[in-house]
file structure_2.txt (compact mmCIF, C-alpha atoms)
# COMPACT_ATOMS: atom_id res chain seq x y z
CA MET A 1 0.00 0.00 0.00
CA SER A 2 1.39 3.39 -0.90
CA ASN A 3 1.82 6.18 1.65
CA ARG A 4 -0.48 8.34 -0.44
CA THR A 5 -3.27 5.76 -0.29
CA LEU A 6 -2.85 5.28 3.46
CA THR A 7 -2.90 9.04 4.03
CA ARG A 8 -6.14 9.33 2.03
CA MET A 9 -7.75 6.45 3.97
CA ARG A 10 -6.77 8.05 7.29
CA ARG A 11 -8.36 11.32 6.17
CA TRP A 12 -11.58 9.46 5.31
CA ALA A 13 -11.61 7.80 8.73
CA GLU A 14 -11.04 11.14 10.46
CA ASN A 15 -13.87 12.76 8.48
CA LEU A 16 -16.24 10.41 10.34
CA MET A 17 -14.82 11.50 13.71
CA THR A 18 -17.22 14.38 14.34
CA ASP A 19 -17.23 14.23 18.15
CA ARG A 20 -14.79 16.10 20.37
CA ILE A 21 -13.15 13.76 22.84
CA ARG A 22 -11.02 14.63 25.86
CA VAL A 23 -8.77 11.89 27.25
CA THR A 24 -7.32 12.30 30.73
CA ALA A 25 -4.72 10.38 32.68
CA PRO A 26 -5.17 9.93 36.40
CA GLY A 27 -2.92 12.21 38.40
CA THR A 28 -2.08 12.49 42.07
CA VAL A 29 -4.46 11.84 44.94
CA THR A 30 -4.91 14.60 47.52
CA VAL A 31 -6.81 14.26 50.78
CA ASP A 32 -8.72 17.14 52.37
CA PRO A 33 -7.48 17.14 55.99
CA SER A 34 -10.81 18.53 57.26
CA THR A 35 -13.15 16.05 55.58
CA GLY A 36 -10.92 13.15 54.55
CA ALA A 37 -12.36 13.40 51.03
CA GLU A 38 -10.02 12.26 48.29
CA THR A 39 -9.59 14.16 45.03
CA VAL A 40 -7.74 12.76 42.01
CA SER A 41 -6.25 15.34 39.67
CA GLN A 42 -6.67 14.73 35.93
CA HIS A 43 -4.06 15.43 33.27
CA VAL A 44 -5.35 15.98 29.70
CA VAL A 45 -3.36 13.85 27.22
CA TYR A 46 -5.64 14.29 24.19
CA ASP A 47 -8.35 16.75 23.23
CA GLY A 48 -9.65 16.52 19.68
CA LYS A 49 -11.72 14.63 17.16
CA GLY A 50 -13.05 11.13 17.70
CA LYS A 51 -16.17 9.02 17.57
CA VAL A 52 -18.04 6.53 19.73
CA GLN A 53 -19.30 3.34 18.15
CA THR A 54 -20.96 0.12 19.25
CA ALA A 55 -20.11 -3.25 17.77
CA GLY A 56 -22.52 -4.39 15.10
CA GLY A 57 -24.29 -7.72 15.06
CA ILE A 58 -25.23 -9.83 18.02
CA ALA A 59 -23.59 -9.30 21.38
CA GLY A 60 -20.56 -11.40 22.24
CA GLN A 61 -21.49 -11.87 25.91
CA GLN A 62 -24.79 -12.31 27.66
CA HIS A 63 -25.65 -12.20 31.34
CA ASN A 64 -28.50 -13.99 33.03
CA VAL A 65 -30.69 -11.30 34.58
CA ASN A 66 -33.09 -11.83 37.48
CA GLY A 67 -35.43 -9.12 38.70
CA ASP A 68 -38.56 -7.20 37.81
CA GLY A 69 -39.88 -8.16 34.40
CA SER A 70 -36.79 -10.07 33.34
CA VAL A 71 -37.67 -13.56 34.63
CA GLY A 72 -34.21 -14.91 33.90
CA ALA A 73 -34.00 -13.25 30.49
CA PHE A 74 -30.69 -12.88 28.66
CA VAL A 75 -29.68 -9.29 28.02
CA PRO A 76 -27.10 -8.62 25.28
CA GLU A 77 -24.00 -6.68 26.20
CA TRP A 78 -22.79 -4.57 23.26
CA GLY A 79 -19.14 -3.85 22.66
CA LEU A 80 -18.19 -0.16 22.77
CA TYR A 81 -15.37 1.42 20.81
CA LEU A 82 -13.74 4.82 20.77
CA HIS A 83 -12.06 5.82 17.50
CA LEU A 84 -9.30 8.44 17.60
CA PRO A 85 -6.98 9.67 14.85
CA VAL A 86 -3.94 7.49 14.21
CA THR A 87 -1.79 10.39 15.42
CA ALA A 88 -3.34 10.17 18.94
CA THR A 89 -0.57 8.09 20.50
CA THR A 90 -0.66 9.36 24.12
CA PRO A 91 -3.85 7.65 25.42
CA ARG A 92 -3.16 4.48 27.43
CA GLU A 93 -5.12 1.67 29.08
CA GLY A 94 -6.98 2.88 32.15
CA TYR A 95 -7.25 6.49 30.98
CA GLU A 96 -10.67 8.16 30.87
CA ALA A 97 -12.32 9.62 27.76
CA THR A 98 -15.17 12.13 27.88
CA VAL A 99 -17.38 13.18 24.98
CA VAL A 100 -17.16 16.98 25.10
CA GLU A 101 -19.12 17.77 21.91
CA SER A 102 -21.24 15.59 19.63
CA ALA A 103 -23.94 15.85 16.97
CA ASP A 104 -25.82 13.41 19.24
CA PRO A 105 -26.69 15.36 22.41
CA ALA A 106 -27.19 12.08 24.31
CA LEU A 107 -23.44 11.38 24.01
CA VAL A 108 -22.25 14.69 25.48
CA GLY A 109 -20.85 14.11 28.96
CA ARG A 110 -20.57 10.35 28.59
CA ARG A 111 -17.36 8.91 30.03
CA TYR A 112 -15.47 5.80 29.01
CA ARG A 113 -12.55 3.86 30.50
CA LEU A 114 -9.99 2.85 27.85
CA VAL A 115 -9.61 -0.93 28.15
CA ASN A 116 -7.23 -1.81 25.33
CA MET A 117 -6.45 -0.77 21.81
CA GLN A 118 -7.75 -3.19 19.21
CA SER A 119 -6.16 -1.66 16.15
CA GLU A 120 -2.49 -2.45 16.45
CA LYS A 121 -1.69 -2.96 12.79
CA THR A 122 0.70 -1.68 10.16
CA HIS A 123 -1.87 0.12 8.00
CA ALA A 124 -4.16 1.50 10.71
CA THR A 125 -6.49 4.31 9.68
CA ALA A 126 -7.51 5.08 13.29
CA ARG A 127 -6.72 4.19 16.90
CA ARG A 128 -9.66 2.00 17.88
CA TRP A 129 -10.02 1.47 21.61
CA ASN A 130 -12.22 -1.05 23.38
CA VAL A 131 -13.89 0.98 26.13
CA GLN A 132 -16.29 0.50 29.04
CA GLU A 133 -18.81 3.18 29.89
CA ILE A 134 -18.43 4.83 33.29
CA PRO A 135 -21.92 5.36 34.75
CA MET A 136 -22.93 8.99 34.96
CA GLU A 137 -23.46 10.47 38.40
CA GLY A 138 -27.11 10.48 39.34
CA GLY A 139 -27.79 7.05 37.85
CA SER A 140 -28.08 7.81 34.12

call {"tool": "encode", "arguments": {"input": "structure_2.txt", "output": "structure tokens"}}
result
Amino acid sequence: MSNRTLTRMRRWAENLMTDRIRVTAPGTVTVDPSTGAETVSQHVVYDGKGKVQTAGGIAGQQHNVNGDGSVGAFVPEWGLYLHLPVTATTPREGYEATVVESADPALVGRRYRLVNMQSEKTHATARRWNVQEIPMEGGS
């Protein structure tokens, strides 16, 4: 594959990255001496374009659910991915990504833990991360 072709394919992939994503690394823990409350500082390692995507097809894992209305039903668990430009090399496993801006207002404010990168390949057009959603405060 020529460098020109790969560059063009990376541009196409980035054109689909219409969200603004901020990735932060955990920093130092400080403890308030009066209350004992812990605060973890965050260090921004990436702030730019990206996109959130679920895996297509049927879910790879299912969990047996017991409770109201489920009567032992199986609920599919969809895979979540975060796509970043191939030049975004600073994010690492365990870092946190937040959707800052999106054409889909339901995505704004959503947070994801970077689990592992699934696109380690020679001709990558994007950095594709497997992620897990971090529940929003207040139960959403």

call {"tool": "closest_residue", "arguments": {"input": "structure_2.txt", "among": "A:Trp12, A:Trp129, A:Tyr46, A:Trp78", "to": "Val100 of chain A", "atoms": "all atoms listed in the file"}}
result
A:Tyr46

call {"tool": "residues_around", "arguments": {"input": "structure_2.txt", "residues": "Leu6 of chain A", "least_positions_apart": "6", "cutoff": "12 Å", "atoms": "only C-alpha atoms", "output": "PDB file with C-alpha atoms, keeping the file's coordinate frame"}}
result
ATOM      1  CA  TRP A  12     -11.580   9.460   5.310  1.00  0.00           C
ATOM      2  CA  ALA A  13     -11.610   7.800   8.730  1.00  0.00           C
ATOM      3  CA  VAL A  86      -3.940   7.490  14.210  1.00  0.00           C
ATOM      4  CA  THR A 122       0.700  -1.680  10.160  1.00  0.00           C
ATOM      5  CA  HIS A 123      -1.870   0.120   8.000  1.00  0.00           C
ATOM      6  CA  ALA A 124      -4.160   1.500  10.710  1.00  0.00           C
ATOM      7  CA  THR A 125      -6.490   4.310   9.680  1.00  0.00           C
ATOM      8  CA  ALA A 126      -7.510   5.080  13.290  1.00  0.00           C
TER       9      ALA A 126
END

call {"tool": "atom_distance", "arguments": {"input": "structure_2.txt", "atom1": "atom CA of Glu101 of chain A", "atom2": "atom CA of Gly48 of chain A"}}
result
9.8 Å

call {"tool": "closest_residue", "arguments": {"input": "structure_2.txt", "among": "A:Gly50, A:Gly109, A:Gly79, A:Gly27", "to": "Ile134 of chain A", "atoms": "all atoms listed in the file"}}
result
A:Gly109

call {"tool": "atom_distance", "arguments": {"input": "structure_2.txt", "atom1": "atom CA of Met17 of chain A", "atom2": "atom CA of Ala88 of chain A"}}
result
12.7 Å

call {"tool": "atom_distance", "arguments": {"input": "structure_2.txt", "atom1": "atom CA of Ala103 of chain A", "atom2": "atom CA of Pro91 of chain A"}}
result
23.3 Å

call {"tool": "residues_around", "arguments": {"input": "structure_2.txt", "residues": "Leu80 of chain A", "least_positions_apart": "2", "cutoff": "6 Å", "atoms": "only C-alpha atoms", "output": "VMD selection string"}}
result
chain A and resid 53 to 54 131

call {"tool": "closest_residue", "arguments": {"input": "structure_2.txt", "among": "A:Thr87, A:Arg128, A:Glu93, A:Arg4", "to": "Val52 of chain A", "atoms": "all atoms listed in the file"}}
result
A:Arg128

call {"tool": "closest_residue", "arguments": {"input": "structure_2.txt", "among": "A:Thr5, A:Asn116, A:Gln42, A:Thr24", "to": "Thr98 of chain A", "atoms": "only C-alpha atoms"}}
result
A:Thr24

call {"tool": "residues_around", "arguments": {"input": "structure_2.txt", "residues": "Val45 of chain A", "least_positions_apart": "4", "cutoff": "10 Å", "atoms": "all atoms listed in the file", "output": "list in words"}}
result
Arg22, Val23, Thr24, Ala25, Ala88, Thr89, Thr90, Pro91, Arg92, Tyr95, Glu96 and Ala97 of chain A

call {"tool": "closest_residue", "arguments": {"input": "structure_2.txt", "among": "A:Ala106, A:Leu82, A:Val29, A:Ala37", "to": "Ala55 of chain A", "atoms": "all atoms listed in the file"}}
result
A:Leu82
